[in-house]
$ cat protein.txt   # compact mmCIF, C-alpha atoms
# COMPACT_ATOMS: atom_id res chain seq x y z
CA MET A 1 -7.41 -17.18 6.38
CA TYR A 2 -6.39 -13.52 6.86
CA LYS A 3 -2.72 -12.74 7.41
CA ARG A 4 -2.59 -8.92 6.97
CA ILE A 5 -5.51 -6.85 8.20
CA LEU A 6 -5.77 -3.13 7.46
CA ILE A 7 -7.79 -1.26 10.08
CA ALA A 8 -8.81 2.22 8.90
CA THR A 9 -9.42 4.68 11.73
CA ASP A 10 -10.37 8.32 12.08
CA GLY A 11 -10.29 8.17 15.87
CA SER A 12 -14.09 8.25 16.21
CA ASP A 13 -15.96 5.93 18.57
CA LYS A 14 -17.25 3.86 15.63
CA SER A 15 -13.79 3.39 14.18
CA MET A 16 -12.37 2.45 17.58
CA LYS A 17 -15.14 -0.16 17.95
CA ALA A 18 -14.10 -1.49 14.54
CA ALA A 19 -10.47 -1.49 15.71
CA GLU A 20 -11.37 -3.55 18.78
CA GLU A 21 -13.18 -6.11 16.61
CA GLY A 22 -10.29 -6.15 14.16
CA MET A 23 -7.72 -6.67 16.87
CA GLU A 24 -9.71 -9.59 18.32
CA LEU A 25 -9.86 -11.17 14.86
CA ALA A 26 -6.14 -10.55 14.28
CA LYS A 27 -5.29 -12.15 17.61
CA ALA A 28 -7.44 -15.20 16.88
CA LEU A 29 -5.88 -15.62 13.43
CA GLY A 30 -2.32 -14.65 14.30
CA ALA A 31 -2.53 -11.87 11.71
CA GLN A 32 -0.46 -8.71 11.28
CA VAL A 33 -2.36 -5.39 11.56
CA ILE A 34 -1.82 -2.18 9.63
CA ALA A 35 -3.49 0.75 11.43
CA LEU A 36 -4.22 3.50 8.92
CA ASN A 37 -5.36 7.08 9.43
CA VAL A 38 -5.99 9.17 6.33
CA ILE A 39 -5.98 12.93 6.75
CA ASN A 40 -8.63 14.14 4.32
CA GLU A 41 -7.04 16.56 1.86
CA VAL A 42 -10.44 18.24 1.30
CA VAL A 43 -10.68 19.09 5.02
CA ILE A 44 -7.20 20.67 4.88
CA ALA A 45 -8.05 22.72 1.81
CA SER A 46 -11.35 23.84 3.36
CA ALA A 47 -9.69 24.98 6.58
CA VAL A 48 -7.10 26.94 4.64
CA ARG A 49 -9.61 28.52 2.27
CA GLN A 50 -12.51 29.22 4.64
CA LEU A 51 -10.71 29.92 7.89
CA GLY A 52 -7.54 31.44 6.50
CA SER A 53 -5.51 28.88 8.44
CA ASP A 54 -1.89 28.09 7.69
CA ARG A 55 -1.75 24.84 5.68
CA LYS A 56 1.24 23.42 7.58
CA GLU A 57 -0.43 24.19 10.92
CA VAL A 58 -3.67 22.47 9.85
CA GLU A 59 -1.76 19.44 8.57
CA GLU A 60 0.23 19.22 11.80
CA ARG A 61 -2.88 19.37 14.00
CA LEU A 62 -4.62 16.70 11.95
CA LYS A 63 -1.45 14.59 11.92
CA VAL A 64 -1.27 14.71 15.72
CA ALA A 65 -4.91 13.55 15.92
CA GLY A 66 -4.22 10.81 13.35
CA GLU A 67 -1.17 9.61 15.25
CA LYS A 68 -3.22 9.44 18.44
CA ALA A 69 -5.81 7.27 16.65
CA VAL A 70 -3.24 4.79 15.31
CA ASP A 71 -1.30 4.85 18.60
CA ASN A 72 -4.47 3.68 20.36
CA ILE A 73 -4.57 0.68 18.03
CA LYS A 74 -0.85 0.03 18.59
CA ALA A 75 -1.50 0.07 22.35
CA MET A 76 -4.28 -2.50 21.88
CA GLY A 77 -1.82 -4.62 19.91
CA THR A 78 0.78 -4.44 22.67
CA LYS A 79 -1.77 -5.60 25.24
CA MET A 80 -3.03 -8.40 23.00
CA GLY A 81 0.27 -9.56 21.55
CA VAL A 82 -0.65 -8.48 18.00
CA ASN A 83 1.97 -6.82 15.81
CA VAL A 84 0.70 -3.43 14.54
CA ASP A 85 2.28 -1.14 11.96
CA ALA A 86 0.92 2.42 12.01
CA ILE A 87 0.53 4.73 9.01
CA VAL A 88 -0.72 8.32 8.95
CA THR A 89 -0.99 9.89 5.50
CA ILE A 90 -2.77 12.64 3.59
CA GLY A 91 -5.13 11.90 0.71
CA ALA A 92 -8.65 11.13 -0.41
CA PRO A 93 -9.77 8.70 2.32
CA ALA A 94 -11.49 5.98 0.25
CA ASN A 95 -8.85 5.94 -2.49
CA THR A 96 -6.05 5.96 0.05
CA VAL A 97 -7.53 3.08 2.06
CA ILE A 98 -7.77 0.98 -1.09
CA ASP A 99 -4.31 2.00 -2.34
CA MET A 100 -2.68 1.33 1.03
CA ALA A 101 -4.41 -2.06 1.30
CA GLY A 102 -2.78 -2.99 -2.01
CA ALA A 103 0.61 -1.52 -1.14
CA GLU A 104 0.63 -3.27 2.24
CA GLN A 105 -0.66 -6.55 0.75
CA ALA A 106 -3.63 -6.58 3.10
CA ASP A 107 -6.17 -9.35 2.62
CA LEU A 108 -8.93 -7.71 4.72
CA ILE A 109 -10.02 -4.11 5.37
CA ILE A 110 -11.87 -3.27 8.60
CA MET A 111 -13.74 0.01 9.06
CA GLY A 112 -16.37 1.54 11.30
CA SER A 113 -19.78 2.09 9.73
CA HIS A 114 -19.65 5.86 10.23
CA GLY A 115 -16.81 8.30 10.56
CA GLU A 116 -16.34 11.51 12.42
CA SER A 117 -19.26 13.61 13.55
CA GLY A 118 -19.74 17.30 12.96
CA ALA A 119 -18.73 19.25 9.88
CA THR A 120 -16.82 16.41 8.22
CA LYS A 121 -19.52 13.73 8.67
CA LEU A 122 -20.87 14.11 5.14
CA LEU A 123 -17.39 13.80 3.66
CA ILE A 124 -16.46 10.81 5.80
CA GLY A 125 -19.84 9.05 5.61
CA SER A 126 -19.33 8.14 1.97
CA VAL A 127 -15.89 6.63 2.57
CA VAL A 128 -17.21 3.23 3.64
CA GLN A 129 -19.55 3.07 0.63
CA LYS A 130 -16.70 3.88 -1.76
CA VAL A 131 -14.37 1.33 -0.18
CA LEU A 132 -17.08 -1.34 -0.34
CA TYR A 133 -17.67 -0.55 -4.01
CA TRP A 134 -14.05 -0.34 -5.18
CA ALA A 135 -12.17 -2.78 -2.94
CA THR A 136 -10.96 -6.00 -4.50
CA ILE A 137 -10.48 -7.69 -1.10
CA PRO A 138 -13.03 -8.40 1.64
CA VAL A 139 -14.21 -5.45 3.73
CA LEU A 140 -15.62 -5.86 7.24
CA VAL A 141 -17.80 -2.96 8.35
CA VAL A 142 -18.46 -2.77 12.10
CA ARG A 143 -21.56 -1.00 13.48
$ encode --input "protein.txt" --output "C-alpha cells"
Amino acid sequence: MYKRILIATDGSDKSMKAAEEGMELAKALGAQVIALNVINEVVIASAVRQLGSDRKEVEERLKVAGEKAVDNIKAMGTKMGVNVDAIVTIGAPANTVIDMAGAEQADLIIMGSHGESGATKLLIGSVVQKVLYWATIPVLVVR
C-alpha cells in the first residue's frame, strides 16, 4: 500500500499527534518515513524586518527547533523499529511539503490539522488546506 510516508511536523502538539499516527501506520505497513520540518521563510523575514533580528541567528534558532521536532519522530522510529530520514529546510511550508514529497518519492503525506499557536497560527493554518488542494498523492490529516 504505502511504502514511503512523509510526516510534516512543526513540533506542535497537533503535528506530534499526527506523527504518532503516522509512525503506527508505517510500522504496520513496513514503510519508510521521511520526517520533514519546514522553516517558514515569511517568519524569518518578519523577525528580521520587525524585530531587527540577525537573519542567521533567527534561522539558527528555528533550525534548532525544527531539528528537535524531527528528532522526536526519529526517536519514535527507533523505539518502533521504523526507519526515519529527517529533513529540516527553509521555504514556503505548503509548497515545500509538496515538493519534498515528490523529491523523496513519498506516496502519502501526513500532517496535523493545525500548526503552531501564537503569532504564526494564521500563516501555518492555511498550510494543510494548500497541501490538500495541490497534492497529487493522498494526504492524511490528523485531528
$ residues_around --input "protein.txt" --residues "region 59-70 of chain A" --least-positions-apart "2" --cutoff "7 Å" --atoms "all atoms listed in the file" --output "count of residues only"
16
$ closest_residue --input "protein.txt" --among "A:Met80, A:Ala106, A:Ala18, A:Val42" --to "Ile137 (chain A)" --atoms "only C-alpha atoms"
A:Ala106
$ atom_distance --input "protein.txt" --atom1 "CA of Met1 (chain A)" --atom2 "CA of Asn83 (chain A)"
16.9 Å
$ residues_near_point --input "protein.txt" --point "(-6.4, -5.4, 4.8)" --cutoff "12 Å" --atoms "only C-alpha atoms" --output "PDB file with C-alpha atoms, keeping the file's coordinate frame"
ATOM      1  CA  MET A   1      -7.410 -17.180   6.380  1.00  0.00           C
ATOM      2  CA  TYR A   2      -6.390 -13.520   6.860  1.00  0.00           C
ATOM      3  CA  LYS A   3      -2.720 -12.740   7.410  1.00  0.00           C
ATOM      4  CA  ARG A   4      -2.590  -8.920   6.970  1.00  0.00           C
ATOM      5  CA  ILE A   5      -5.510  -6.850   8.200  1.00  0.00           C
ATOM      6  CA  LEU A   6      -5.770  -3.130   7.460  1.00  0.00           C
ATOM      7  CA  ILE A   7      -7.790  -1.260  10.080  1.00  0.00           C
ATOM      8  CA  ALA A   8      -8.810   2.220   8.900  1.00  0.00           C
ATOM      9  CA  GLY A  22     -10.290  -6.150  14.160  1.00  0.00           C
ATOM     10  CA  ALA A  26      -6.140 -10.550  14.280  1.00  0.00           C
ATOM     11  CA  ALA A  31      -2.530 -11.870  11.710  1.00  0.00           C
ATOM     12  CA  GLN A  32      -0.460  -8.710  11.280  1.00  0.00           C
ATOM     13  CA  VAL A  33      -2.360  -5.390  11.560  1.00  0.00           C
ATOM     14  CA  ILE A  34      -1.820  -2.180   9.630  1.00  0.00           C
ATOM     15  CA  ALA A  35      -3.490   0.750  11.430  1.00  0.00           C
ATOM     16  CA  LEU A  36      -4.220   3.500   8.920  1.00  0.00           C
ATOM     17  CA  VAL A  97      -7.530   3.080   2.060  1.00  0.00           C
ATOM     18  CA  ILE A  98      -7.770   0.980  -1.090  1.00  0.00           C
ATOM     19  CA  ASP A  99      -4.310   2.000  -2.340  1.00  0.00           C
ATOM     20  CA  MET A 100      -2.680   1.330   1.030  1.00  0.00           C
ATOM     21  CA  ALA A 101      -4.410  -2.060   1.300  1.00  0.00           C
ATOM     22  CA  GLY A 102      -2.780  -2.990  -2.010  1.00  0.00           C
ATOM     23  CA  ALA A 103       0.610  -1.520  -1.140  1.00  0.00           C
ATOM     24  CA  GLU A 104       0.630  -3.270   2.240  1.00  0.00           C
ATOM     25  CA  GLN A 105      -0.660  -6.550   0.750  1.00  0.00           C
ATOM     26  CA  ALA A 106      -3.630  -6.580   3.100  1.00  0.00           C
ATOM     27  CA  ASP A 107      -6.170  -9.350   2.620  1.00  0.00           C
ATOM     28  CA  LEU A 108      -8.930  -7.710   4.720  1.00  0.00           C
ATOM     29  CA  ILE A 109     -10.020  -4.110   5.370  1.00  0.00           C
ATOM     30  CA  ILE A 110     -11.870  -3.270   8.600  1.00  0.00           C
ATOM     31  CA  MET A 111     -13.740   0.010   9.060  1.00  0.00           C
ATOM     32  CA  VAL A 131     -14.370   1.330  -0.180  1.00  0.00           C
ATOM     33  CA  ALA A 135     -12.170  -2.780  -2.940  1.00  0.00           C
ATOM     34  CA  THR A 136     -10.960  -6.000  -4.500  1.00  0.00           C
ATOM     35  CA  ILE A 137     -10.480  -7.690  -1.100  1.00  0.00           C
ATOM     36  CA  PRO A 138     -13.030  -8.400   1.640  1.00  0.00           C
ATOM     37  CA  VAL A 139     -14.210  -5.450   3.730  1.00  0.00           C
ATOM     38  CA  LEU A 140     -15.620  -5.860   7.240  1.00  0.00           C
TER      39      LEU A 140
END
$ closest_residue --input "protein.txt" --among "A:Lys130, A:Lys14, A:Lys27, A:Arg143" --to "Val82 (chain A)" --atoms "all atoms listed in the file"
A:Lys27
$ atom_distance --input "protein.txt" --atom1 "CA of Met76 (chain A)" --atom2 "CA of Val142 (chain A)"
17.2 Å
$ closest_residue --input "protein.txt" --among "A:Val128, A:Ala94, A:Ser113, A:Glu21" --to "Glu41 (chain A)" --atoms "all atoms listed in the file"
A:Ala94
$ atom_distance --input "protein.txt" --atom1 "CA of Met16 (chain A)" --atom2 "CA of Tyr133 (chain A)"
22.4 Å
$ closest_residue --input "protein.txt" --among "A:Thr78, A:Ser12, A:Gln129, A:Asn95" --to "Val141 (chain A)" --atoms "only C-alpha atoms"
A:Gln129
